[in-house]
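Participant: The file below is entry-v6.cif, mmCIF, N, CA and C atoms:
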data_data
#
loop_
_atom_site.group_PDB
_atom_site.id
_atom_site.type_symbol
_atom_site.label_atom_id
_atom_site.label_comp_id
_atom_site.auth_asym_id
_atom_site.auth_seq_id
_atom_site.Cartn_x
_atom_site.Cartn_y
_atom_site.Cartn_z
ATOM 1 N N MET P 1 199.758 -10.756 -54.411
ATOM 2 C CA MET P 1 198.848 -11.840 -54.112
ATOM 3 C C MET P 1 197.798 -11.421 -53.085
ATOM 4 N N LEU P 2 198.203 -10.592 -52.123
ATOM 5 C CA LEU P 2 197.268 -10.118 -51.112
ATOM 6 C C LEU P 2 196.155 -9.289 -51.755
ATOM 7 N N ILE P 3 196.500 -8.452 -52.705
ATOM 8 C CA ILE P 3 195.502 -7.607 -53.356
ATOM 9 C C ILE P 3 194.493 -8.458 -54.120
ATOM 10 N N ILE P 4 194.957 -9.498 -54.792
ATOM 11 C CA ILE P 4 194.039 -10.390 -55.504
ATOM 12 C C ILE P 4 193.104 -11.076 -54.516
ATOM 13 N N ALA P 5 193.640 -11.523 -53.394
ATOM 14 C CA ALA P 5 192.809 -12.171 -52.372
ATOM 15 C C ALA P 5 191.769 -11.206 -51.817
ATOM 16 N N ILE P 6 192.161 -9.958 -51.605
ATOM 17 C CA ILE P 6 191.223 -8.956 -51.099
ATOM 18 C C ILE P 6 190.117 -8.713 -52.111
ATOM 19 N N LEU P 7 190.473 -8.538 -53.371
ATOM 20 C CA LEU P 7 189.471 -8.268 -54.400
ATOM 21 C C LEU P 7 188.510 -9.439 -54.583
ATOM 22 N N VAL P 8 189.038 -10.661 -54.562
ATOM 23 C CA VAL P 8 188.176 -11.841 -54.702
ATOM 24 C C VAL P 8 187.241 -11.964 -53.498
ATOM 25 N N SER P 9 187.784 -11.742 -52.300
ATOM 26 C CA SER P 9 186.940 -11.855 -51.109
ATOM 27 C C SER P 9 185.853 -10.785 -51.095
ATOM 28 N N GLN P 10 186.162 -9.593 -51.580
ATOM 29 C CA GLN P 10 185.149 -8.540 -51.629
ATOM 30 C C GLN P 10 184.098 -8.824 -52.684
ATOM 31 N N PHE P 11 184.503 -9.437 -53.771
ATOM 32 C CA PHE P 11 183.536 -9.854 -54.780
ATOM 33 C C PHE P 11 182.561 -10.866 -54.187
ATOM 34 N N ILE P 12 183.077 -11.829 -53.461
ATOM 35 C CA ILE P 12 182.234 -12.841 -52.814
ATOM 36 C C ILE P 12 181.350 -12.187 -51.752
ATOM 37 N N PHE P 13 181.912 -11.272 -50.964
ATOM 38 C CA PHE P 13 181.152 -10.538 -49.952
ATOM 39 C C PHE P 13 179.994 -9.788 -50.595
ATOM 40 N N THR P 14 180.279 -9.131 -51.712
ATOM 41 C CA THR P 14 179.266 -8.331 -52.400
ATOM 42 C C THR P 14 178.178 -9.208 -52.994
ATOM 43 N N ILE P 15 178.562 -10.247 -53.711
ATOM 44 C CA ILE P 15 177.597 -11.141 -54.352
ATOM 45 C C ILE P 15 176.758 -11.869 -53.300
ATOM 46 N N GLY P 16 177.351 -12.134 -52.154
ATOM 47 C CA GLY P 16 176.626 -12.822 -51.090
ATOM 48 C C GLY P 16 175.444 -12.049 -50.552
ATOM 49 N N HIS P 17 175.423 -10.739 -50.767
ATOM 50 C CA HIS P 17 174.315 -9.920 -50.287
ATOM 51 C C HIS P 17 173.156 -9.836 -51.271
ATOM 52 N N VAL P 18 173.341 -10.278 -52.503
ATOM 53 C CA VAL P 18 172.307 -10.139 -53.535
ATOM 54 C C VAL P 18 171.021 -10.895 -53.184
ATOM 55 N N PRO P 19 171.062 -12.161 -52.786
ATOM 56 C CA PRO P 19 169.792 -12.863 -52.506
ATOM 57 C C PRO P 19 168.933 -12.168 -51.444
ATOM 58 N N ASN P 20 169.565 -11.695 -50.380
ATOM 59 C CA ASN P 20 168.822 -11.003 -49.327
ATOM 60 C C ASN P 20 168.211 -9.717 -49.849
ATOM 61 N N ARG P 21 168.968 -8.987 -50.645
ATOM 62 C CA ARG P 21 168.463 -7.727 -51.202
ATOM 63 C C ARG P 21 167.312 -7.989 -52.185
ATOM 64 N N LEU P 22 167.430 -9.036 -52.973
ATOM 65 C CA LEU P 22 166.345 -9.369 -53.900
ATOM 66 C C LEU P 22 165.093 -9.785 -53.145
ATOM 67 N N TYR P 23 165.269 -10.581 -52.094
ATOM 68 C CA TYR P 23 164.144 -11.041 -51.286
ATOM 69 C C TYR P 23 163.396 -9.865 -50.659
ATOM 70 N N LYS P 24 164.157 -8.867 -50.205
ATOM 71 C CA LYS P 24 163.546 -7.714 -49.556
ATOM 72 C C LYS P 24 163.056 -6.660 -50.555
ATOM 73 N N GLY P 25 163.290 -6.875 -51.841
ATOM 74 C CA GLY P 25 162.806 -5.962 -52.861
ATOM 75 C C GLY P 25 163.506 -4.620 -52.884
ATOM 76 N N ARG P 26 164.808 -4.617 -52.621
ATOM 77 C CA ARG P 26 165.538 -3.354 -52.549
ATOM 78 C C ARG P 26 165.954 -2.821 -53.911
ATOM 79 N N TYR P 27 165.825 -3.627 -54.948
ATOM 80 C CA TYR P 27 166.287 -3.196 -56.265
ATOM 81 C C TYR P 27 165.105 -2.848 -57.153
ATOM 82 N N GLU P 28 165.072 -1.594 -57.597
ATOM 83 C CA GLU P 28 164.020 -1.157 -58.501
ATOM 84 C C GLU P 28 164.429 -1.323 -59.958
ATOM 85 N N ASN P 29 165.731 -1.215 -60.210
ATOM 86 C CA ASN P 29 166.250 -1.329 -61.570
ATOM 87 C C ASN P 29 167.727 -1.743 -61.500
ATOM 88 N N TRP P 30 168.336 -1.893 -62.672
ATOM 89 C CA TRP P 30 169.733 -2.337 -62.715
ATOM 90 C C TRP P 30 170.686 -1.290 -62.164
ATOM 91 N N GLN P 31 170.339 -0.024 -62.269
ATOM 92 C CA GLN P 31 171.184 1.029 -61.699
ATOM 93 C C GLN P 31 171.231 0.914 -60.179
ATOM 94 N N ALA P 32 170.107 0.568 -59.570
ATOM 95 C CA ALA P 32 170.067 0.374 -58.122
ATOM 96 C C ALA P 32 170.926 -0.815 -57.710
ATOM 97 N N VAL P 33 170.913 -1.869 -58.514
ATOM 98 C CA VAL P 33 171.764 -3.034 -58.238
ATOM 99 C C VAL P 33 173.228 -2.621 -58.292
ATOM 100 N N TRP P 34 173.598 -1.918 -59.340
ATOM 101 C CA TRP P 34 174.994 -1.493 -59.511
ATOM 102 C C TRP P 34 175.437 -0.606 -58.347
ATOM 103 N N ASN P 35 174.625 0.385 -58.000
ATOM 104 C CA ASN P 35 174.986 1.302 -56.910
ATOM 105 C C ASN P 35 175.130 0.564 -55.582
ATOM 106 N N ASP P 36 174.210 -0.339 -55.314
ATOM 107 C CA ASP P 36 174.265 -1.091 -54.063
ATOM 108 C C ASP P 36 175.492 -2.000 -54.028
ATOM 109 N N GLN P 37 175.768 -2.680 -55.125
ATOM 110 C CA GLN P 37 176.918 -3.574 -55.167
ATOM 111 C C GLN P 37 178.230 -2.803 -55.038
ATOM 112 N N LEU P 38 178.289 -1.636 -55.649
ATOM 113 C CA LEU P 38 179.494 -0.813 -55.535
ATOM 114 C C LEU P 38 179.696 -0.344 -54.097
ATOM 115 N N SER P 39 178.628 0.085 -53.437
ATOM 116 C CA SER P 39 178.765 0.531 -52.046
ATOM 117 C C SER P 39 179.126 -0.627 -51.122
ATOM 118 N N LEU P 40 178.581 -1.804 -51.386
ATOM 119 C CA LEU P 40 178.961 -2.983 -50.590
ATOM 120 C C LEU P 40 180.424 -3.347 -50.801
ATOM 121 N N PHE P 41 180.886 -3.267 -52.044
ATOM 122 C CA PHE P 41 182.280 -3.579 -52.343
ATOM 123 C C PHE P 41 183.215 -2.619 -51.603
ATOM 124 N N ILE P 42 182.882 -1.334 -51.634
ATOM 125 C CA ILE P 42 183.727 -0.340 -50.967
ATOM 126 C C ILE P 42 183.677 -0.514 -49.460
ATOM 127 N N SER P 43 182.506 -0.756 -48.901
ATOM 128 C CA SER P 43 182.430 -0.970 -47.455
ATOM 129 C C SER P 43 183.178 -2.236 -47.048
ATOM 130 N N GLY P 44 183.139 -3.253 -47.902
ATOM 131 C CA GLY P 44 183.911 -4.462 -47.635
ATOM 132 C C GLY P 44 185.403 -4.198 -47.631
ATOM 133 N N LEU P 45 185.853 -3.301 -48.501
ATOM 134 C CA LEU P 45 187.273 -2.924 -48.512
ATOM 135 C C LEU P 45 187.657 -2.234 -47.204
ATOM 136 N N PHE P 46 186.772 -1.380 -46.693
ATOM 137 C CA PHE P 46 187.039 -0.743 -45.406
ATOM 138 C C PHE P 46 187.078 -1.762 -44.270
ATOM 139 N N LEU P 47 186.153 -2.716 -44.290
ATOM 140 C CA LEU P 47 186.170 -3.750 -43.265
ATOM 141 C C LEU P 47 187.447 -4.582 -43.342
ATOM 142 N N THR P 48 187.895 -4.849 -44.550
ATOM 143 C CA THR P 48 189.159 -5.565 -44.725
ATOM 144 C C THR P 48 190.318 -4.753 -44.171
ATOM 145 N N ALA P 49 190.309 -3.453 -44.419
ATOM 146 C CA ALA P 49 191.370 -2.585 -43.904
ATOM 147 C C ALA P 49 191.396 -2.596 -42.381
ATOM 148 N N TYR P 50 190.198 -2.535 -41.761
ATOM 149 C CA TYR P 50 190.144 -2.614 -40.298
ATOM 150 C C TYR P 50 190.743 -3.921 -39.799
ATOM 151 N N PHE P 51 190.412 -5.003 -40.476
ATOM 152 C CA PHE P 51 190.967 -6.291 -40.068
ATOM 153 C C PHE P 51 192.487 -6.317 -40.226
ATOM 154 N N LEU P 52 192.973 -5.836 -41.362
ATOM 155 C CA LEU P 52 194.418 -5.866 -41.598
ATOM 156 C C LEU P 52 195.175 -4.958 -40.634
ATOM 157 N N LEU P 53 194.581 -3.849 -40.258
ATOM 158 C CA LEU P 53 195.254 -2.929 -39.328
ATOM 159 C C LEU P 53 195.246 -3.442 -37.898
ATOM 160 N N THR P 54 194.176 -4.119 -37.507
ATOM 161 C CA THR P 54 194.053 -4.554 -36.110
ATOM 162 C C THR P 54 194.367 -6.034 -35.906
ATOM 163 N N ASN P 55 194.305 -6.804 -36.995
ATOM 164 C CA ASN P 55 194.475 -8.259 -36.923
ATOM 165 C C ASN P 55 193.443 -8.884 -35.969
ATOM 166 N N ASN P 56 192.256 -8.283 -35.959
ATOM 167 C CA ASN P 56 191.176 -8.742 -35.088
ATOM 168 C C ASN P 56 189.884 -8.770 -35.896
ATOM 169 N N ILE P 57 189.419 -9.950 -36.221
ATOM 170 C CA ILE P 57 188.221 -10.088 -37.052
ATOM 171 C C ILE P 57 186.973 -9.582 -36.335
ATOM 172 N N PHE P 58 186.980 -9.604 -34.999
ATOM 173 C CA PHE P 58 185.802 -9.195 -34.252
ATOM 174 C C PHE P 58 185.506 -7.707 -34.395
ATOM 175 N N ILE P 59 186.521 -6.892 -34.626
ATOM 176 C CA ILE P 59 186.284 -5.468 -34.860
ATOM 177 C C ILE P 59 185.545 -5.283 -36.181
ATOM 178 N N ALA P 60 186.006 -5.969 -37.219
ATOM 179 C CA ALA P 60 185.326 -5.877 -38.516
ATOM 180 C C ALA P 60 183.910 -6.431 -38.432
ATOM 181 N N VAL P 61 183.729 -7.532 -37.732
ATOM 182 C CA VAL P 61 182.388 -8.115 -37.566
ATOM 183 C C VAL P 61 181.497 -7.160 -36.777
ATOM 184 N N GLY P 62 182.038 -6.535 -35.746
ATOM 185 C CA GLY P 62 181.266 -5.581 -34.947
ATOM 186 C C GLY P 62 180.845 -4.371 -35.751
ATOM 187 N N ILE P 63 181.751 -3.837 -36.558
ATOM 188 C CA ILE P 63 181.416 -2.694 -37.407
ATOM 189 C C ILE P 63 180.352 -3.098 -38.422
ATOM 190 N N HIS P 64 180.479 -4.284 -38.983
ATOM 191 C CA HIS P 64 179.477 -4.773 -39.942
ATOM 192 C C HIS P 64 178.121 -4.906 -39.256
ATOM 193 N N ALA P 65 178.107 -5.457 -38.052
ATOM 194 C CA ALA P 65 176.844 -5.624 -37.329
ATOM 195 C C ALA P 65 176.223 -4.271 -36.996
ATOM 196 N N LEU P 66 177.025 -3.324 -36.590
ATOM 197 C CA LEU P 66 176.501 -1.997 -36.272
ATOM 198 C C LEU P 66 175.977 -1.279 -37.516
ATOM 199 N N SER P 67 176.574 -1.557 -38.648
ATOM 200 C CA SER P 67 176.094 -0.923 -39.884
ATOM 201 C C SER P 67 174.768 -1.515 -40.336
ATOM 202 N N ASN P 68 174.395 -2.674 -39.824
ATOM 203 C CA ASN P 68 173.114 -3.303 -40.183
ATOM 204 C C ASN P 68 171.955 -2.803 -39.330
ATOM 205 N N VAL P 69 172.244 -2.108 -38.263
ATOM 206 C CA VAL P 69 171.190 -1.597 -37.379
ATOM 207 C C VAL P 69 170.507 -0.428 -38.067
ATOM 208 N N PRO P 70 169.177 -0.464 -38.179
ATOM 209 C CA PRO P 70 168.483 0.656 -38.853
ATOM 210 C C PRO P 70 168.549 1.950 -38.056
#
Render the structure in this file as structure tokens.

Facilitator:
Amino acid sequence: MLIIAILVSQFIFTIGHVPNRLYKGRYENWQAVWNDQLSLFISGLFLTAYFLLTNNIFIAVGIHALSNVP
């Protein structure tokens, strides 16, 4: 059940980034969409792992925030 919850939450995490990416014009074609969504899904899995290992959501939020810095 935990694995299903993780996969569903990562799907939502990934899809949640699409409007911002479309607004900023980051997608040139469908391959770019696929690659970006796959990398977001994998990074979300890592953030989930950090949360599960530390039981501290602020570490995952901090890592996510630092990854957004250009």

Participant: Determine the nearest neighbour of Leu40 (chain P) from the options P:Gln10, P:Asn68, P:Asn56, P:Leu22, counting only N, CA and C atoms.

Facilitator: P:Gln10

Participant: Report as a PyMOL selection string the full result of the PyMOL selection byres ((chain P and resi 44) around 8) when it is applied to this structure.

Facilitator: chain P and resi 6+9-11+13-14+38-43+45-50

Participant: Can you pull out every residue from chain P that DSSP, working from the backbone, puts in helix (DSSP H, G or I), and format the result as number ranges by chain?

Facilitator: P: 2-16, 18-23, 30-54, 57-67

Participant: Could you tell me how far CA of His64 (chain P) sits from CA of Trp34 (chain P), in Å to one decimal place?

Facilitator: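 Those two atoms sit 20.3 Å apart.
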
Participant: What is the atom N of Asn20 (chain P) to atom N of Leu66 (chain P) distance in Å?

Facilitator: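 Separation between atom N of Asn20 (chain P) and atom N of Leu66 (chain P): 17.8 Å.
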
Participant: Using Å and a single decimal, report how far CA of Thr54 (chain P) sits from CA of Gly16 (chain P).

Facilitator: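 One can read the CA of Gly16 (chain P) to CA of Thr54 (chain P) distance as 24.4 Å.
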
Participant: Please, can region 9-20 of chain P be completed to all heavy atoms and returned as a compact mmCIF listing (two decimals), in the frame of the given file?

Facilitator:
# COMPACT_ATOMS: atom_id res chain seq x y z
N SER P 9 187.78 -11.74 -52.30
CA SER P 9 186.94 -11.86 -51.11
C SER P 9 185.85 -10.78 -51.10
O SER P 9 184.72 -11.05 -50.67
CB SER P 9 187.78 -11.78 -49.84
OG SER P 9 188.29 -10.48 -49.64
N GLN P 10 186.16 -9.59 -51.58
CA GLN P 10 185.15 -8.54 -51.63
C GLN P 10 184.10 -8.82 -52.68
O GLN P 10 182.93 -8.48 -52.51
CB GLN P 10 185.79 -7.18 -51.86
CG GLN P 10 186.64 -6.73 -50.71
CD GLN P 10 186.05 -7.10 -49.36
OE1 GLN P 10 184.94 -6.70 -49.02
NE2 GLN P 10 186.77 -7.91 -48.60
N PHE P 11 184.50 -9.44 -53.77
CA PHE P 11 183.54 -9.85 -54.78
C PHE P 11 182.56 -10.87 -54.19
O PHE P 11 181.34 -10.75 -54.35
CB PHE P 11 184.25 -10.43 -56.00
CG PHE P 11 183.33 -10.92 -57.07
CD1 PHE P 11 182.67 -10.02 -57.89
CD2 PHE P 11 183.09 -12.27 -57.24
CE1 PHE P 11 181.79 -10.46 -58.87
CE2 PHE P 11 182.23 -12.72 -58.22
CZ PHE P 11 181.58 -11.82 -59.04
N ILE P 12 183.08 -11.83 -53.46
CA ILE P 12 182.23 -12.84 -52.81
C ILE P 12 181.35 -12.19 -51.75
O ILE P 12 180.16 -12.49 -51.65
CB ILE P 12 183.10 -13.97 -52.22
CG1 ILE P 12 183.79 -14.74 -53.35
CG2 ILE P 12 182.27 -14.90 -51.34
CD1 ILE P 12 184.87 -15.69 -52.88
N PHE P 13 181.91 -11.27 -50.96
CA PHE P 13 181.15 -10.54 -49.95
C PHE P 13 179.99 -9.79 -50.60
O PHE P 13 178.86 -9.81 -50.11
CB PHE P 13 182.09 -9.56 -49.23
CG PHE P 13 181.42 -8.62 -48.26
CD1 PHE P 13 181.07 -9.05 -47.00
CD2 PHE P 13 181.18 -7.30 -48.60
CE1 PHE P 13 180.45 -8.19 -46.10
CE2 PHE P 13 180.58 -6.44 -47.72
CZ PHE P 13 180.22 -6.87 -46.46
N THR P 14 180.28 -9.13 -51.71
CA THR P 14 179.27 -8.33 -52.40
C THR P 14 178.18 -9.21 -52.99
O THR P 14 176.98 -8.96 -52.80
CB THR P 14 179.94 -7.49 -53.50
OG1 THR P 14 180.94 -6.67 -52.90
CG2 THR P 14 178.95 -6.61 -54.20
N ILE P 15 178.56 -10.25 -53.71
CA ILE P 15 177.60 -11.14 -54.35
C ILE P 15 176.76 -11.87 -53.30
O ILE P 15 175.58 -12.14 -53.52
CB ILE P 15 178.32 -12.15 -55.27
CG1 ILE P 15 178.99 -11.41 -56.42
CG2 ILE P 15 177.38 -13.22 -55.78
CD1 ILE P 15 178.04 -10.65 -57.31
N GLY P 16 177.35 -12.13 -52.15
CA GLY P 16 176.63 -12.82 -51.09
C GLY P 16 175.44 -12.05 -50.55
O GLY P 16 174.55 -12.62 -49.93
N HIS P 17 175.42 -10.74 -50.77
CA HIS P 17 174.32 -9.92 -50.29
C HIS P 17 173.16 -9.84 -51.27
O HIS P 17 172.08 -9.37 -50.92
CB HIS P 17 174.81 -8.51 -49.97
CG HIS P 17 175.60 -8.42 -48.71
ND1 HIS P 17 176.92 -8.78 -48.65
CD2 HIS P 17 175.25 -8.02 -47.46
CE1 HIS P 17 177.36 -8.60 -47.41
NE2 HIS P 17 176.36 -8.15 -46.67
N VAL P 18 173.34 -10.28 -52.50
CA VAL P 18 172.31 -10.14 -53.54
C VAL P 18 171.02 -10.90 -53.18
O VAL P 18 169.94 -10.30 -53.29
CB VAL P 18 172.84 -10.56 -54.92
CG1 VAL P 18 171.73 -10.63 -55.94
CG2 VAL P 18 173.91 -9.59 -55.38
N PRO P 19 171.06 -12.16 -52.79
CA PRO P 19 169.79 -12.86 -52.51
C PRO P 19 168.93 -12.17 -51.44
O PRO P 19 167.72 -12.04 -51.61
CB PRO P 19 170.23 -14.24 -52.04
CG PRO P 19 171.58 -14.43 -52.62
CD PRO P 19 172.20 -13.07 -52.65
N ASN P 20 169.56 -11.70 -50.38
CA ASN P 20 168.82 -11.00 -49.33
C ASN P 20 168.21 -9.72 -49.85
O ASN P 20 167.06 -9.39 -49.55
CB ASN P 20 169.76 -10.71 -48.15
CG ASN P 20 169.04 -10.04 -47.00
OD1 ASN P 20 167.87 -10.28 -46.78
ND2 ASN P 20 169.76 -9.21 -46.28
